[in-house]
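K.L.:
Before I ask anything, here is the structure I am working with.
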Number of protein chains: 2
Amino acid sequence: MSETVIQHRPRVIVIGAGFGGVFAVRAFAKTNADVLLIDRQNFHTFTPLLYQVATSGLDPEEIAYPIRGIFYDRPNVSFLLGDVTAIDSSEKLVDIQTSDGVVRHEDYDYLIVAAGSVTHYFNQNALQEAAFELKTLNDAVLLRNHVLRLFEQAAWTQDEAERDALTTIVVVGGGPTGLETAGAIRELYTYVLKREHGYRNLKARVILVEATDKLLATYPIELQKAAREQLESLGVEVVLSNPVVEASAENVRLKDGREIGTHTLIWLAGVNASPLAQMLDVPLGKQGRIPVTPTLEVIGRENVYVVGDMAYLEDANGQPYPMLIPVAQQQGTLAAENILRRERGWTQKTFHYHDRGTMATIGRSRAVALIYNRIPLRGFIAWVAWLGLHLVTLMGFRNRLQVLLNWVWNYFTYERSVRIILEPEQGRAKRETWPSTLHTPERVGDKIVDVA
Amino acid sequence: MSETVIQHRPRVIVIGAGFGGVFAVRAFAKTNADVLLIDRQNFHTFTPLLYQVATSGLDPEEIAYPIRGIFYDRPNVSFLLGDVTAIDSSEKLVDIQTSDGVVRHEDYDYLIVAAGSVTHYFNQNALQEAAFELKTLNDAVLLRNHVLRLFEQAAWTQDEAERDALTTIVVVGGGPTGLETAGAIRELYTYVLKREHGYRNLKARVILVEATDKLLATYPIELQKAAREQLESLGVEVVLSNPVVEASAENVRLKDGREIGTHTLIWLAGVNASPLAQMLDVPLGKQGRIPVTPTLEVIGRENVYVVGDMAYLEDANGQPYPMLIPVAQQQGTLAAENILRRERGWTQKTFHYHDRGTMATIGRSRAVALIYNRIPLRGFIAWVAWLGLHLVTLMGFRNRLQVLLNWVWNYFTYERSVRIILEPEQGRAKRETWPSTLHTPERVGDKIVDVA
């Protein structure tokens, strides 16, 4: 939209700086809407590459973009780092708790809810204790640290069964993220870790478990087959029709009774809308998503829009729009445009999804892709398309350059330099100190002084 | 040393993968010495650039090099990730606790102790509670997160005094690290943060406090003056002859009674040898360092060498060798060479330090340098020399390329993309869950289902 002057400055609150929220805020760019963006992190995450951070292929910072950096030149956009604790849609107020514990009350004329999704365990909440997730950058770094630490331990473990358990990884979920993660972990071992003695004779099993009988259920059959072949050629063990029924810190049990000794269960099998949905106090749809009108408004809540994973809206075939990034981006943009249209007294537009297709990469040079939902690609050309798309969608030139550099480096050298275990503890880092009873010599001149 | 075959395979333990330890291990590269390298982190840190990580100029991973990556092609080098808990120099045993809690006992023929240094508070241990340090990568990331979080809070704080306290930073220590850190923080604000509304009207004071009357006490007077001018031109307030006597989470008090409201006290004023020195049970020298012979051996402890910050050795003028990286590198190399010489029945060499000079950078294009301890440089040319030296010394081509890229980017765009607050919590990341009393709809077909 070109330069737009609106007589009244509408006050818009956008909750969430993911793809939906960021694209919504962008659409307000050259208007005089007064926009407040809220997120619990001070950066936007390029989530498709979280699995690369988790498998030491990229630094966390390469897929994180500071929110203030995105909107620094937009004087009508403010950013508040905090947690939304309540929404009062009759009073049009949002409560936000900031890191100092204070709760702020912010009012709005319009609200765009874009808080994304969380991992879902299908009523098997006991699994959550044992499982690793991959929804946020914190998740990715924790998982990376965990896997590297276990390999370090394995290098020095004599007991063979324990050594195998340390280096066996179970990935649950036969969708694109599951495939990408399983493939990348297997490659981390095969191409990188295995080169180092101490690691050479480890089994390093990667087992991809799917409850249904299909990988990539939404893809054409031939791509499902290609994906499975690619995974197995990498050395990933594919287990279908066999959900996880139990998991502890030491092992995982499948429905058919099979037990796998492992300390690493990665759960990528289900998502629900963010629990923030409850704050709107409306009936919720499947996966806890908030039903919206075709103009993306919440039924019965004036001036509240929901976009992205949190929004439940069906297409012409009665199928809910999938929880995908392009959907969030397009909905975010539309919600903002609809608000501006209302302010001008124009009719709002209904949502139509422009589906450019989906793709999943499997390892360093394999992928499957479905372009425009029609054209299947596989193998190297799919991988090139995948690389191109991600580079274009990644935010920030510096990030793109860094990511490209890393990939090129990794591709030609098989090297993964991002193999560091870094975990700054909450609060103060552990300090080494001299015990207070030990007096260290202070006087200049004394060379050797007996310790008191 | 060229290909060396020794009849008996000496077993060498090296404690610490800093500059001393890594250079020692490197010197054993083409020999058949059986080397065990131990560190509590799985990576080597390029410490001179920690302040850049702390001020959002570099990603942590860019100055961290995985230890297994350094020695992957050295079959005679093993790496153990763990904490040394005891040294028995009569039995020639080292106890190491690994992350699973197990304590391993490893024997040695020779031991090289290279565990570095820790921050020292000059008997003001109460300050330690309030202070931030900058010795490890964890420290740097914690400090970065802290500063960014405070700025986020300040953007929304109405009370002016509190806002000032949130954005006032006190750096204690007039040595190179203090100057570099103070300068870089000031630049982070002036060139980066200030561009973003919400941050524009913050005071953002940076105060460098030094207890003595000199900055860079070991440099020539004219460079001390140049350093002070450069700092002040950046907007850093320099306070001399006025030590910190008290500090809390909210303010800092100086000797002359002055109180500064701040939540960020960075202590860069003193170092001691690592407390691991006590494990050798010998009399300790100044700063808790272990006195060594000119061949770097510990007096009275057979076959134990100490190198780097932990080693106390005087030069021809009776001055102890400074705690500097080139000293550690050269000592590490010599200790290894001396062990190999002993194995061959040759005389050991005594340590002679080849001093190539020192330098300190102050901001994005200023520095002071003293080349070969004789040639003073200042300003832009010193900065270029500093940049060149660090790039050369940084380990790993990928790291060098990334760091150079970042610097060039930052230099020309003033952008600091590394401004993310990322703190994966110990153990599991905080999870968002649906409360167990909330039943989310599972059945396909129901569009809107009342929440039970």
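Every chain in the structure tokens has a letter given in the order shown (A, B, ...), and although residue numbers restart at 1 in each chain, ligands are simply numbered from 1 in the order shown.
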Within 10 Å of Glu162 (chain A), counting only C-alpha atoms, which residues show up once you throw out same-chain ones fewer than 5 positions away? Write them as a list in words, please.

P.N.:
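In the requested format, the answer is Gln153, Ala154, Thr157, Thr167, Thr168, Glu250, Gly261, Thr262 and His263 of chain A.
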
K.L.:
Report as a list in words all protein, DNA and RNA residues lying within 8 Å of region 83-94 of chain B, evaluated on only C-alpha atoms, omitting residues in the same chain fewer than 3 positions from it.

P.N.:
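The residues satisfying every condition are Ile15, Ile38, Asp39, Arg40, Gln97, Thr98, His105, Glu106, Asp107, Tyr108, Asp109, Met279, Leu280, Arg301, Glu302 and Val304 of chain B.
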
K.L.:
Store the residues of this selection in a file with C-alpha atoms, as a PDB file, in the first residue's frame.

P.N.:
ATOM      1  CA  ILE B  15      44.800 -29.709  31.646  1.00  0.00           C
ATOM      2  CA  ILE B  38      41.066 -32.235  29.356  1.00  0.00           C
ATOM      3  CA  ASP B  39      38.766 -29.219  29.497  1.00  0.00           C
ATOM      4  CA  ARG B  40      35.419 -28.432  31.048  1.00  0.00           C
ATOM      5  CA  GLN B  97      34.617 -35.694  36.874  1.00  0.00           C
ATOM      6  CA  THR B  98      32.555 -36.052  33.709  1.00  0.00           C
ATOM      7  CA  HIS B 105      41.307 -41.626  37.283  1.00  0.00           C
ATOM      8  CA  GLU B 106      43.898 -41.063  34.603  1.00  0.00           C
ATOM      9  CA  ASP B 107      47.586 -41.655  35.038  1.00  0.00           C
ATOM     10  CA  TYR B 108      50.392 -39.694  33.424  1.00  0.00           C
ATOM     11  CA  ASP B 109      54.103 -39.729  32.825  1.00  0.00           C
ATOM     12  CA  MET B 279      45.677 -29.161  43.764  1.00  0.00           C
ATOM     13  CA  LEU B 280      49.439 -29.348  43.311  1.00  0.00           C
ATOM     14  CA  ARG B 301      56.847 -31.941  41.691  1.00  0.00           C
ATOM     15  CA  GLU B 302      58.378 -34.396  39.334  1.00  0.00           C
ATOM     16  CA  VAL B 304      54.737 -31.479  36.246  1.00  0.00           C
TER      17      VAL B 304
END

K.L.:
Considering only C-alpha atoms, state which residue in the set B:Arg74, B:Lys225, B:Arg344, B:Arg366 is at the smallest distance from chain A.

P.N.:
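Checking each of B:Arg74, B:Lys225, B:Arg344, B:Arg366 against chain A, counting only C-alpha atoms, the winner is B:Arg74.
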
K.L.:
Between A:Val306, A:Leu231, A:Val245, A:Leu50, which is the closest to Asn125 (chain A) once you count only C-alpha atoms?

P.N.:
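Closest residue, counting only C-alpha atoms: A:Val245.
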
K.L.:
Give me, as a list in words, all polymer residues having an atom no more than 6 Å from region 348-364 of chain A, counting only C-alpha atoms and skipping those fewer than 3 positions away in the same chain.

P.N.:
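These residues fall inside the cut-off: Pro176, Glu180, Gly183, Ala184, Pro294, Thr295, Asn338, Ala367, Val368, Ala369, Leu370, Ile371, Tyr372 and Asn373 of chain A.
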
K.L.:
Okay, now the selection with C-alpha atoms, as a PDB file, in the first residue's frame?

P.N.:
ATOM      1  CA  PRO A 176       8.841 -32.445   6.764  1.00  0.00           C
ATOM      2  CA  GLU A 180      14.767 -32.905   7.869  1.00  0.00           C
ATOM      3  CA  GLY A 183      18.462 -36.662   7.990  1.00  0.00           C
ATOM      4  CA  ALA A 184      20.575 -33.853   9.392  1.00  0.00           C
ATOM      5  CA  PRO A 294     -12.918 -15.299   5.839  1.00  0.00           C
ATOM      6  CA  THR A 295     -11.802 -11.747   6.634  1.00  0.00           C
ATOM      7  CA  ASN A 338      -8.403  -5.191   6.360  1.00  0.00           C
ATOM      8  CA  ALA A 367      15.039 -33.099  -1.006  1.00  0.00           C
ATOM      9  CA  VAL A 368      11.509 -33.485  -2.159  1.00  0.00           C
ATOM     10  CA  ALA A 369       9.448 -30.553  -3.279  1.00  0.00           C
ATOM     11  CA  LEU A 370       5.980 -29.932  -4.603  1.00  0.00           C
ATOM     12  CA  ILE A 371       5.940 -26.685  -6.522  1.00  0.00           C
ATOM     13  CA  TYR A 372       2.601 -24.921  -6.816  1.00  0.00           C
ATOM     14  CA  ASN A 373       1.108 -28.087  -5.394  1.00  0.00           C
TER      15      ASN A 373
END

K.L.:
Using only C-alpha atoms, which residues of region 69-187 of chain A come within 12 Å of region 282-287 of chain A, and what is the closest atom pair for each, with the distance in Å to one decimal? Give it as CSV, sorted by chain and residue number.

P.N.:
residue,atom,partner,partner_atom,distance
A:Ile87,CA,A:Val282,CA,11.8
A:Asp88,CA,A:Val282,CA,12.0
A:Ser89,CA,A:Val282,CA,10.6
A:Gly116,CA,A:Gln287,CA,11.9
A:Ser117,CA,A:Gln287,CA,9.4
A:Val118,CA,A:Gln287,CA,10.0
A:Thr119,CA,A:Gln287,CA,10.5
A:His120,CA,A:Gln287,CA,8.6
A:Tyr121,CA,A:Gln287,CA,11.1
A:Phe122,CA,A:Gln287,CA,9.9
A:Asn123,CA,A:Gln287,CA,11.9

K.L.:
Val12 (chain B): which residues within 8 Å, counting only C-alpha atoms, same-chain residues fewer than 4 positions away excluded, as a list in words?

P.N.:
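What passes the distance filter is Ala33, Asp34, Val35, Leu36, Tyr108, Asp109, Tyr110, Leu111 and Ile112 of chain B.
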
K.L.:
Could you find all residues in region 204-277 of chain A that DSSP calls helix (DSSP H, G or I) from the backbone, and write them as a ChimeraX atom specification?

P.N.:
/A:221-234,275-277

K.L.:
Using only C-alpha atoms, pick whichever of A:Thr333, A:Gln224, A:Thr47, A:Ser56 has the shortest atom-to-atom distance to Val141 (chain A).

P.N.:
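For Val141 (chain A), the nearest of the given residues is A:Ser56.
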
K.L.:
Quick one: pick out all strand (DSSP E or B) residues within region 211-341 of chain A from a backbone DSSP run and write them as a ChimeraX atom specification.

P.N.:
/A:236-239,244-247,251-254,259-261,264-267,271-273,284,290-292,297-298,304-306,311-312,314,320

K.L.:
Give me the residues near Thr190 (chain A) as an mmCIF file with all heavy atoms, in the first residue's frame, where near means some atom within 10 Å (using only C-alpha atoms) and where sequence neighbours in that chain fewer than 3 positions away do not count.

P.N.:
data_model
loop_
_atom_site.group_PDB
_atom_site.id
_atom_site.type_symbol
_atom_site.label_atom_id
_atom_site.label_comp_id
_atom_site.auth_asym_id
_atom_site.auth_seq_id
_atom_site.Cartn_x
_atom_site.Cartn_y
_atom_site.Cartn_z
ATOM 1 N N ALA A 184 19.455 -34.713 9.006
ATOM 2 C CA ALA A 184 20.575 -33.853 9.392
ATOM 3 C C ALA A 184 21.373 -34.442 10.556
ATOM 4 O O ALA A 184 22.595 -34.319 10.606
ATOM 5 C CB ALA A 184 20.066 -32.468 9.753
ATOM 6 N N ILE A 185 20.686 -35.093 11.495
ATOM 7 C CA ILE A 185 21.415 -35.702 12.606
ATOM 8 C C ILE A 185 22.282 -36.834 12.088
ATOM 9 O O ILE A 185 23.441 -37.006 12.486
ATOM 10 C CB ILE A 185 20.455 -36.235 13.680
ATOM 11 C CG1 ILE A 185 19.715 -35.083 14.352
ATOM 12 C CG2 ILE A 185 21.220 -37.032 14.735
ATOM 13 C CD1 ILE A 185 18.671 -35.547 15.331
ATOM 14 N N ARG A 186 21.713 -37.616 11.205
ATOM 15 C CA ARG A 186 22.467 -38.733 10.662
ATOM 16 C C ARG A 186 23.702 -38.228 9.928
ATOM 17 O O ARG A 186 24.797 -38.790 10.056
ATOM 18 C CB ARG A 186 21.546 -39.531 9.736
ATOM 19 C CG ARG A 186 22.130 -40.790 9.197
ATOM 20 C CD ARG A 186 22.387 -41.848 10.244
ATOM 21 N NE ARG A 186 23.304 -42.823 9.655
ATOM 22 C CZ ARG A 186 24.081 -43.647 10.332
ATOM 23 N NH1 ARG A 186 24.054 -43.643 11.651
ATOM 24 N NH2 ARG A 186 24.881 -44.465 9.700
ATOM 25 N N GLU A 187 23.542 -37.136 9.193
ATOM 26 C CA GLU A 187 24.681 -36.580 8.475
ATOM 27 C C GLU A 187 25.709 -35.987 9.423
ATOM 28 O O GLU A 187 26.915 -36.069 9.181
ATOM 29 C CB GLU A 187 24.203 -35.487 7.531
ATOM 30 C CG GLU A 187 23.493 -36.029 6.337
ATOM 31 C CD GLU A 187 23.487 -35.023 5.227
ATOM 32 O OE1 GLU A 187 23.333 -33.818 5.513
ATOM 33 O OE2 GLU A 187 23.654 -35.444 4.072
ATOM 34 N N LEU A 193 31.153 -36.126 12.821
ATOM 35 C CA LEU A 193 31.627 -36.684 14.069
ATOM 36 C C LEU A 193 32.461 -37.941 13.855
ATOM 37 O O LEU A 193 33.460 -38.165 14.525
ATOM 38 C CB LEU A 193 30.441 -36.986 14.995
ATOM 39 C CG LEU A 193 29.570 -35.788 15.369
ATOM 40 C CD1 LEU A 193 28.477 -36.200 16.338
ATOM 41 C CD2 LEU A 193 30.400 -34.663 15.954
ATOM 42 N N LYS A 194 32.054 -38.720 12.889
ATOM 43 C CA LYS A 194 32.711 -40.007 12.675
ATOM 44 C C LYS A 194 34.184 -39.848 12.311
ATOM 45 O O LYS A 194 34.983 -40.758 12.471
ATOM 46 C CB LYS A 194 31.992 -40.743 11.547
ATOM 47 C CG LYS A 194 32.212 -42.223 11.515
ATOM 48 C CD LYS A 194 31.278 -42.838 10.493
ATOM 49 C CE LYS A 194 31.592 -44.304 10.323
ATOM 50 N NZ LYS A 194 30.660 -44.922 9.367
ATOM 51 N N ARG A 195 34.552 -38.644 11.833
ATOM 52 C CA ARG A 195 35.934 -38.424 11.434
ATOM 53 C C ARG A 195 36.845 -38.376 12.641
ATOM 54 O O ARG A 195 38.065 -38.477 12.518
ATOM 55 C CB ARG A 195 36.061 -37.097 10.676
ATOM 56 C CG ARG A 195 35.503 -37.085 9.300
ATOM 57 C CD ARG A 195 35.971 -35.853 8.552
ATOM 58 N NE ARG A 195 35.838 -34.650 9.345
ATOM 59 C CZ ARG A 195 36.470 -33.510 9.101
ATOM 60 N NH1 ARG A 195 37.302 -33.437 8.080
ATOM 61 N NH2 ARG A 195 36.292 -32.452 9.866
ATOM 62 N N ARG A 200 34.662 -42.855 16.245
ATOM 63 C CA ARG A 200 34.615 -43.626 14.993
ATOM 64 C C ARG A 200 33.804 -44.892 15.056
ATOM 65 O O ARG A 200 33.242 -45.309 14.064
ATOM 66 C CB ARG A 200 36.044 -43.978 14.554
ATOM 67 C CG ARG A 200 36.580 -42.861 13.726
ATOM 68 C CD ARG A 200 37.883 -43.064 13.076
ATOM 69 N NE ARG A 200 38.349 -41.698 12.761
ATOM 70 C CZ ARG A 200 39.504 -41.191 13.109
ATOM 71 N NH1 ARG A 200 40.363 -41.929 13.772
ATOM 72 N NH2 ARG A 200 39.814 -39.940 12.804
ATOM 73 N N ALA A 204 25.516 -44.744 16.504
ATOM 74 C CA ALA A 204 24.852 -43.520 16.064
ATOM 75 C C ALA A 204 23.602 -43.790 15.232
ATOM 76 O O ALA A 204 23.466 -43.335 14.106
ATOM 77 C CB ALA A 204 25.826 -42.626 15.294
ATOM 78 N N LEU A 234 20.658 -42.544 3.653
ATOM 79 C CA LEU A 234 21.498 -41.827 4.607
ATOM 80 C C LEU A 234 21.794 -42.680 5.835
ATOM 81 O O LEU A 234 22.665 -42.363 6.625
ATOM 82 C CB LEU A 234 20.796 -40.550 5.077
ATOM 83 C CG LEU A 234 20.828 -39.334 4.177
ATOM 84 C CD1 LEU A 234 20.051 -38.201 4.838
ATOM 85 C CD2 LEU A 234 22.257 -38.890 3.904
ATOM 86 N N GLY A 235 21.009 -43.746 6.003
ATOM 87 C CA GLY A 235 21.215 -44.578 7.177
ATOM 88 C C GLY A 235 20.183 -44.369 8.262
ATOM 89 O O GLY A 235 20.351 -44.850 9.388
ATOM 90 N N TYR A 414 32.468 -30.667 4.638
ATOM 91 C CA TYR A 414 31.828 -31.557 5.596
ATOM 92 C C TYR A 414 32.031 -31.086 7.027
ATOM 93 O O TYR A 414 31.786 -31.815 7.960
ATOM 94 C CB TYR A 414 32.378 -33.001 5.497
ATOM 95 C CG TYR A 414 32.128 -33.666 4.188
ATOM 96 C CD1 TYR A 414 33.105 -33.688 3.200
ATOM 97 C CD2 TYR A 414 30.929 -34.289 3.929
ATOM 98 C CE1 TYR A 414 32.870 -34.304 1.996
ATOM 99 C CE2 TYR A 414 30.693 -34.923 2.725
ATOM 100 C CZ TYR A 414 31.664 -34.926 1.758
ATOM 101 O OH TYR A 414 31.445 -35.535 0.567
#

K.L.:
Between CA of Gly175 (chain A) and CA of Arg289 (chain A), what is the distance in Å, rounded to a tenth?

P.N.:
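It comes out at 19.8 Å.
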
K.L.:
Taking only C-alpha atoms into account, name the residue in A:Ala64, A:Ala226, A:Ile325, A:Leu80 that is nearest to Ile420 (chain B).

P.N.:
A:Ala64
